[in-house]
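Shown below: my_file-v2.cif, with mmCIF, C-alpha atoms.
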```cif
data_my_file
#
loop_
_atom_site.label_atom_id
_atom_site.label_comp_id
_atom_site.auth_asym_id
_atom_site.auth_seq_id
_atom_site.Cartn_x
_atom_site.Cartn_y
_atom_site.Cartn_z
CA MET K 3 -61.72 172.48 124.55
CA ASP K 4 -64.04 171.47 127.35
CA SER K 5 -63.35 173.00 130.72
CA ILE K 6 -62.57 170.79 133.69
CA PRO K 7 -65.52 170.75 136.12
CA SER K 8 -64.88 172.20 139.56
CA TYR K 9 -66.76 169.37 141.28
CA LEU K 10 -67.53 165.73 140.69
CA LEU K 11 -70.92 164.68 139.39
CA PRO K 12 -72.60 161.65 140.98
CA ARG K 13 -72.50 158.51 138.85
CA GLY K 14 -75.23 155.91 138.56
CA GLU K 15 -74.80 152.60 140.29
CA ASN K 16 -72.33 150.38 138.48
CA ILE K 17 -73.47 146.80 138.78
CA SER K 18 -70.87 145.31 136.46
CA HIS K 19 -68.45 144.78 139.36
CA LEU K 20 -71.01 142.37 140.85
CA VAL K 21 -72.03 140.53 137.69
CA ILE K 22 -68.70 140.23 135.84
CA PRO K 23 -67.09 138.03 138.56
CA LEU K 24 -70.07 135.68 138.23
CA LEU K 25 -69.52 135.50 134.48
CA VAL K 26 -65.80 134.88 134.92
CA ILE K 27 -66.54 132.00 137.29
CA SER K 28 -69.15 130.69 134.83
CA PHE K 29 -66.64 130.78 131.97
CA ILE K 30 -64.11 128.86 134.06
CA LEU K 31 -66.74 126.26 134.99
CA LEU K 32 -67.77 125.81 131.35
CA SER K 33 -64.15 125.40 130.33
CA ILE K 34 -63.46 122.80 133.02
CA SER K 35 -66.61 120.87 132.16
CA LYS K 36 -65.69 120.84 128.47
CA TYR K 37 -62.15 119.72 129.35
CA LEU K 38 -63.41 116.83 131.50
CA ASN K 39 -65.90 115.70 128.86
CA PRO K 40 -65.28 117.11 125.35
CA SER K 41 -68.63 115.77 124.09
CA ILE K 42 -70.75 116.95 127.02
CA PHE K 43 -72.75 119.56 125.11
CA ARG K 44 -73.59 117.13 122.31
CA SER K 45 -74.62 114.53 124.87
CA LEU K 46 -76.88 117.01 126.67
CA ILE K 47 -78.66 117.86 123.42
CA LYS K 48 -79.21 114.14 122.80
CA LEU K 49 -80.60 113.70 126.32
CA LEU K 50 -82.86 116.72 125.93
CA PHE K 51 -84.77 115.11 123.07
CA ALA K 52 -84.27 111.47 124.05
CA SER K 53 -87.24 109.39 125.07
CA LYS K 54 -86.92 105.62 124.96
CA ASN K 55 -83.11 105.67 124.74
CA PHE K 56 -82.68 108.06 127.68
CA ASP K 57 -81.21 105.35 129.95
CA GLN K 58 -78.79 104.22 127.26
CA ILE K 59 -77.43 107.71 126.66
CA ILE K 60 -76.90 108.24 130.41
CA LYS K 61 -74.97 104.99 130.68
CA GLU K 62 -72.87 105.39 127.53
CA ASP K 63 -72.47 109.13 126.89
CA LEU K 64 -73.05 111.18 130.01
CA LYS K 65 -73.62 110.21 133.62
CA LEU K 66 -75.51 113.02 135.36
CA SER K 67 -73.47 112.31 138.50
CA SER K 68 -70.18 112.88 136.66
CA GLY K 69 -67.90 115.79 137.49
CA SER K 70 -68.55 117.59 134.19
CA SER K 71 -72.32 117.38 134.69
CA ILE K 72 -72.18 118.59 138.28
CA ILE K 73 -70.03 121.54 137.20
CA LEU K 74 -72.69 122.55 134.65
CA ILE K 75 -75.35 122.39 137.36
CA VAL K 76 -73.27 124.74 139.50
CA ASN K 77 -72.79 126.97 136.46
CA TYR K 78 -76.58 127.22 136.08
CA PHE K 79 -76.87 128.93 139.46
CA PHE K 80 -74.19 131.47 138.59
CA THR K 81 -75.70 132.41 135.22
CA THR K 82 -79.28 132.43 136.51
CA THR K 83 -78.22 134.59 139.43
CA SER K 84 -76.69 137.05 136.96
CA CYS K 85 -79.85 137.24 134.87
CA ILE K 86 -82.20 137.56 137.85
CA PHE K 87 -80.03 140.29 139.33
CA LEU K 88 -79.90 142.19 136.03
CA SER K 89 -83.68 141.82 135.71
CA LEU K 90 -84.58 143.11 139.16
CA TYR K 91 -82.00 145.66 140.27
CA LEU K 92 -83.97 148.60 138.81
CA THR K 93 -87.40 147.49 140.00
CA ILE K 94 -86.92 145.76 143.32
CA ASP K 95 -86.57 147.68 146.58
CA MET K 96 -83.47 145.98 148.01
CA GLY K 97 -79.77 146.70 148.45
CA MET K 98 -77.51 145.39 145.71
CA TYR K 99 -75.75 142.78 147.83
CA ASN K 100 -79.01 141.59 149.38
CA LEU K 101 -80.51 141.43 145.91
CA LEU K 102 -77.54 139.38 144.70
CA LEU K 103 -78.10 136.92 147.53
CA PHE K 104 -81.82 136.80 146.77
CA ALA K 105 -81.07 136.22 143.06
CA PHE K 106 -78.95 133.20 144.02
CA LEU K 107 -81.32 131.70 146.58
CA LEU K 108 -84.41 131.96 144.36
CA PRO K 109 -83.36 129.51 141.59
CA PHE K 110 -81.58 127.29 144.11
CA GLY K 111 -84.74 127.02 146.21
CA ILE K 112 -86.98 126.35 143.20
CA VAL K 113 -84.74 123.61 141.79
CA LEU K 114 -84.37 122.02 145.22
CA LEU K 115 -88.12 122.09 145.78
CA GLN K 116 -88.85 120.60 142.36
CA SER K 117 -86.33 117.79 142.84
CA LEU K 118 -87.42 116.93 146.38
CA SER K 119 -91.08 117.01 145.41
CA PHE K 120 -90.55 114.26 142.85
CA TRP K 121 -88.80 112.13 145.45
CA LEU K 122 -91.64 112.82 147.90
CA ILE K 123 -94.31 111.76 145.43
CA GLY K 124 -92.19 108.73 144.55
CA TRP K 125 -91.98 107.75 148.22
CA MET K 126 -95.73 108.25 148.72
CA SER K 127 -96.60 106.24 145.61
CA LYS K 128 -93.82 103.65 146.09
CA GLU K 129 -92.73 104.48 142.54
CA ILE K 130 -89.53 106.25 143.50
CA LYS K 131 -87.48 104.57 140.76
CA ILE K 132 -89.88 105.70 138.03
CA LEU K 133 -90.29 109.18 139.44
CA SER K 134 -86.53 109.68 139.56
CA TYR K 135 -86.64 110.31 135.81
CA PRO K 136 -88.19 113.80 136.17
CA VAL K 137 -85.23 114.67 138.39
CA TYR K 138 -82.87 113.61 135.60
CA GLU K 139 -84.92 115.60 133.07
CA THR K 140 -84.71 118.65 135.34
CA LEU K 141 -80.93 118.36 135.58
CA VAL K 142 -80.54 118.07 131.81
CA VAL K 143 -82.68 121.16 131.19
CA ILE K 144 -80.95 123.36 133.76
CA GLU K 145 -77.49 122.35 132.51
CA ILE K 146 -78.40 123.41 128.97
CA ILE K 147 -80.17 126.61 130.06
CA GLY K 148 -77.19 127.49 132.24
CA VAL K 149 -74.92 127.43 129.19
CA VAL K 150 -77.31 129.58 127.12
CA LEU K 151 -77.81 132.07 129.95
CA PHE K 152 -74.06 132.61 130.15
CA PHE K 153 -74.17 134.22 126.72
CA VAL K 154 -77.38 136.10 127.53
CA SER K 155 -75.93 137.62 130.70
CA LEU K 156 -72.63 138.39 128.96
CA VAL K 157 -74.40 140.34 126.20
CA TRP K 158 -76.59 141.96 128.87
CA VAL K 159 -73.64 143.35 130.81
CA LEU K 160 -71.88 144.59 127.69
CA ASN K 161 -75.04 146.10 126.16
CA PRO K 162 -77.27 147.49 128.94
CA ASN K 163 -79.29 149.43 126.34
CA TYR K 164 -80.82 146.11 125.26
CA SER K 165 -81.91 145.23 128.79
CA PHE K 166 -85.61 144.96 127.97
CA LEU K 167 -85.01 142.65 125.00
CA LEU K 168 -82.58 140.49 126.97
CA PHE K 169 -85.02 140.38 129.88
CA GLN K 170 -87.67 139.02 127.52
CA ILE K 171 -85.22 136.44 126.18
CA PHE K 172 -84.38 135.39 129.75
CA ILE K 173 -88.05 135.00 130.67
CA TRP K 174 -88.81 133.13 127.45
CA LEU K 175 -85.92 130.72 127.99
CA THR K 176 -86.91 130.11 131.60
CA LEU K 177 -90.57 129.47 130.81
CA SER K 178 -89.77 127.35 127.76
CA GLY K 179 -87.35 125.21 129.75
CA TYR K 180 -89.87 124.83 132.57
CA ILE K 181 -92.73 123.84 130.26
CA PHE K 182 -90.57 121.51 128.18
CA ARG K 183 -89.15 119.81 131.26
CA THR K 184 -92.59 119.41 132.84
CA LEU K 185 -94.22 117.91 129.75
CA LYS K 186 -91.29 115.61 129.01
CA SER K 187 -91.13 114.47 132.65
CA PHE K 188 -94.82 113.63 132.74
CA LEU K 189 -94.56 111.73 129.46
CA SER K 190 -91.51 109.88 130.74
CA VAL K 191 -93.13 108.63 133.95
CA LEU K 192 -96.41 107.79 132.25
CA GLN K 193 -94.55 105.68 129.68
CA ARG K 194 -92.91 103.83 132.54
CA GLY K 195 -96.21 103.01 134.24
CA ALA K 196 -96.74 105.70 136.90
CA SER K 197 -100.36 106.42 137.81
CA TRP K 198 -101.74 109.65 136.37
CA TYR K 199 -103.28 110.78 139.68
CA TYR K 200 -99.84 111.03 141.30
CA ILE K 201 -98.85 113.35 138.47
CA ILE K 202 -101.91 115.53 139.14
CA LEU K 203 -101.07 115.56 142.86
CA TYR K 204 -97.52 116.64 142.13
CA LEU K 205 -98.55 119.30 139.64
CA CYS K 206 -101.16 120.94 141.86
CA THR K 207 -99.50 120.83 145.26
CA LEU K 208 -95.74 120.74 144.74
CA GLU K 209 -95.08 122.55 141.46
CA ILE K 210 -97.65 125.25 140.70
CA LEU K 211 -98.57 126.24 144.26
CA PRO K 212 -95.02 127.05 145.47
CA LEU K 213 -94.36 129.15 142.36
CA LEU K 214 -97.56 131.10 142.94
CA VAL K 215 -96.59 131.69 146.57
CA VAL K 216 -93.11 132.92 145.60
CA ASN K 217 -94.55 135.21 142.93
CA TYR K 218 -97.09 136.69 145.36
CA TYR K 219 -94.48 137.21 148.08
CA VAL K 220 -92.04 138.97 145.75
CA SER K 221 -94.77 141.13 144.20
CA GLU K 222 -96.17 142.24 147.55
CA ASN K 223 -92.90 142.84 149.39
CA PHE K 224 -90.26 143.89 146.89
CA ILE K 225 -91.61 145.13 143.58
CA LYS K 226 -92.03 148.88 143.54
#
```

Show the structure stored in the file as structure tokens.
Amino acid sequence: MDSIPSYLLPRGENISHLVIPLLVISFILLSISKYLNPSIFRSLIKLLFASKNFDQIIKEDLKLSSGSSIILIVNYFFTTTSCIFLSLYLTIDMGMYNLLLFAFLLPFGIVLLQSLSFWLIGWMSKEIKILSYPVYETLVVIEIIGVVLFFVSLVWVLNPNYSFLLFQIFIWLTLSGYIFRTLKSFLSVLQRGASWYYIILYLCTLEILPLLVVNYYVSENFIK
């Protein structure tokens, strides 16, 4: 029989008490969204691969301004925050609560910048109606990724030994969603008559450059 130690040993930081509430909120949001629109996940898949019938699906199956859609957008920020936090808490020099705030603000800022940049280019080119489609494409992608990342972060919390594999899955999903959304958005606006040089302007100045700046800032100031 093992003897009872005469003193307490220090335990490692337990981050589950920060991540699990996010997952609980995410599960509630997914449940509410499904309740409000039982076919929402099927409609999102149709929108993800839709091209010419994109407008028809939005009108008939799923309005991106509907309550169920907005709830999935909110869910994306909770699940992405969980994954970013789980990815960085061992490598970034920051307190846990500050890191949690950073993990929330990072995806929020990127999505906001991407959405506003399309509206800015649309205003400059006077093609704001056409260039609103990339915003819709962005919303569809992040709603779907938010659902997938719920399961990724749930498995991550329950199986921390697979952190490296789950980190790779998270990065792969994020990059795949970003590339898919970018290519599909460009194809969408080109099919609707937008000039190619506005696309180049957007890509160089308002999409790639901010991401490079964020990556450089994080690498220089936080990564050990």

Problem - For CA of Leu38 in chain K and CA of Gly69 in chain K, the interatomic separation in Å (one decimal) - result: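 We find that CA of Leu38 in chain K and CA of Gly69 in chain K lie 7.6 Å from each other.
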
Practice task
Enter the distance from CA of Leu32 in chain K to CA of Leu167 in chain K, in Å, rounded to one decimal.
Solution key: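 That distance, rounded to one decimal, is 24.9 Å.
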
Completion exercise
For Thr184 in chain K, the closest of K:Val143, K:Leu156, K:Leu168, K:Tyr99 counting all atoms listed in the file is K:Val143

Practice task
Would you please work out which residue, of K:Ile94, K:Ile146, K:Ser165, K:Phe29, is nearest to Ser45 in chain K when using all atoms listed in the file?
Solution key: K:Ile146

Handout entry: Residue with smallest distance to Val142 in chain K - pool K:Trp174, K:Phe182, K:Tyr37, K:Phe166, counting all atoms listed in the file
Key =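 The answer is K:Phe182, which sits nearest to Val142 in chain K.
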
Practice task
Rank nothing, just name the residue among K:His19, K:Lys186, K:Ser71, K:Leu88 nearest to Ser41 in chain K, using all atoms listed in the file.
Solution key: K:Ser71

Exercise for the section: One decimal, Å: what's the distance from CA of Val159 in chain K over to CA of Ile22 in chain K, could you say? Expected result: 7.7 Å

Handout entry: Residues returned when the PyMOL selection byres ((chain K and resi 110) around 12) runs on this file, as a list in words
Key = Ile75, Val76, Asn77, Tyr78, Phe79, Phe80, Thr81, Thr82, Thr83, Leu103, Phe104, Ala105, Phe106, Leu107, Leu108, Pro109, Gly111, Ile112, Val113, Leu114, Leu115, Gln116, Ser117 and Ile144 of chain K

Handout entry: Shell of 10 Å around Ser68 in chain K, only C-alpha atoms, local chain residues under 3 positions omitted, as an MDAnalysis selection string
Key = chainID K and resid 35 38:39 64:65 71:73

Practice task
Show which residues sit within 8 Å of Tyr91 in chain K, as JSON, numbers by chain. Count only C-alpha atoms, and ignore same-chain residues fewer than 5 positions away.
Solution key: {"K": [96, 98, 101]}

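Of the listed residues K:Ser18, K:Ile27, K:Trp158, K:Thr140, the one whose atoms come nearest to Ile181 in chain K is K:Thr140, with distances taken using all atoms listed in the file.
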
Handout entry: Option closest in space to Phe87 in chain K, from K:Val154, K:Ala52, K:Ile17, K:Val149 [counting only C-alpha atoms]
Key =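 Between K:Val154, K:Ala52, K:Ile17, K:Val149, the residue approaching Phe87 in chain K most closely is K:Ile17.
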
Using all atoms of range 41-44 of chain K listed in the file and a margin of 4 Å per side, can you give the axis-aligned box centre and edge lengths in Å to one decimal, as AutoDock Vina command-line options?
```
--center_x -71.1 --center_y 117.7 --center_z 124.7 --size_x 13.0 --size_y 11.8 --size_z 12.7
```
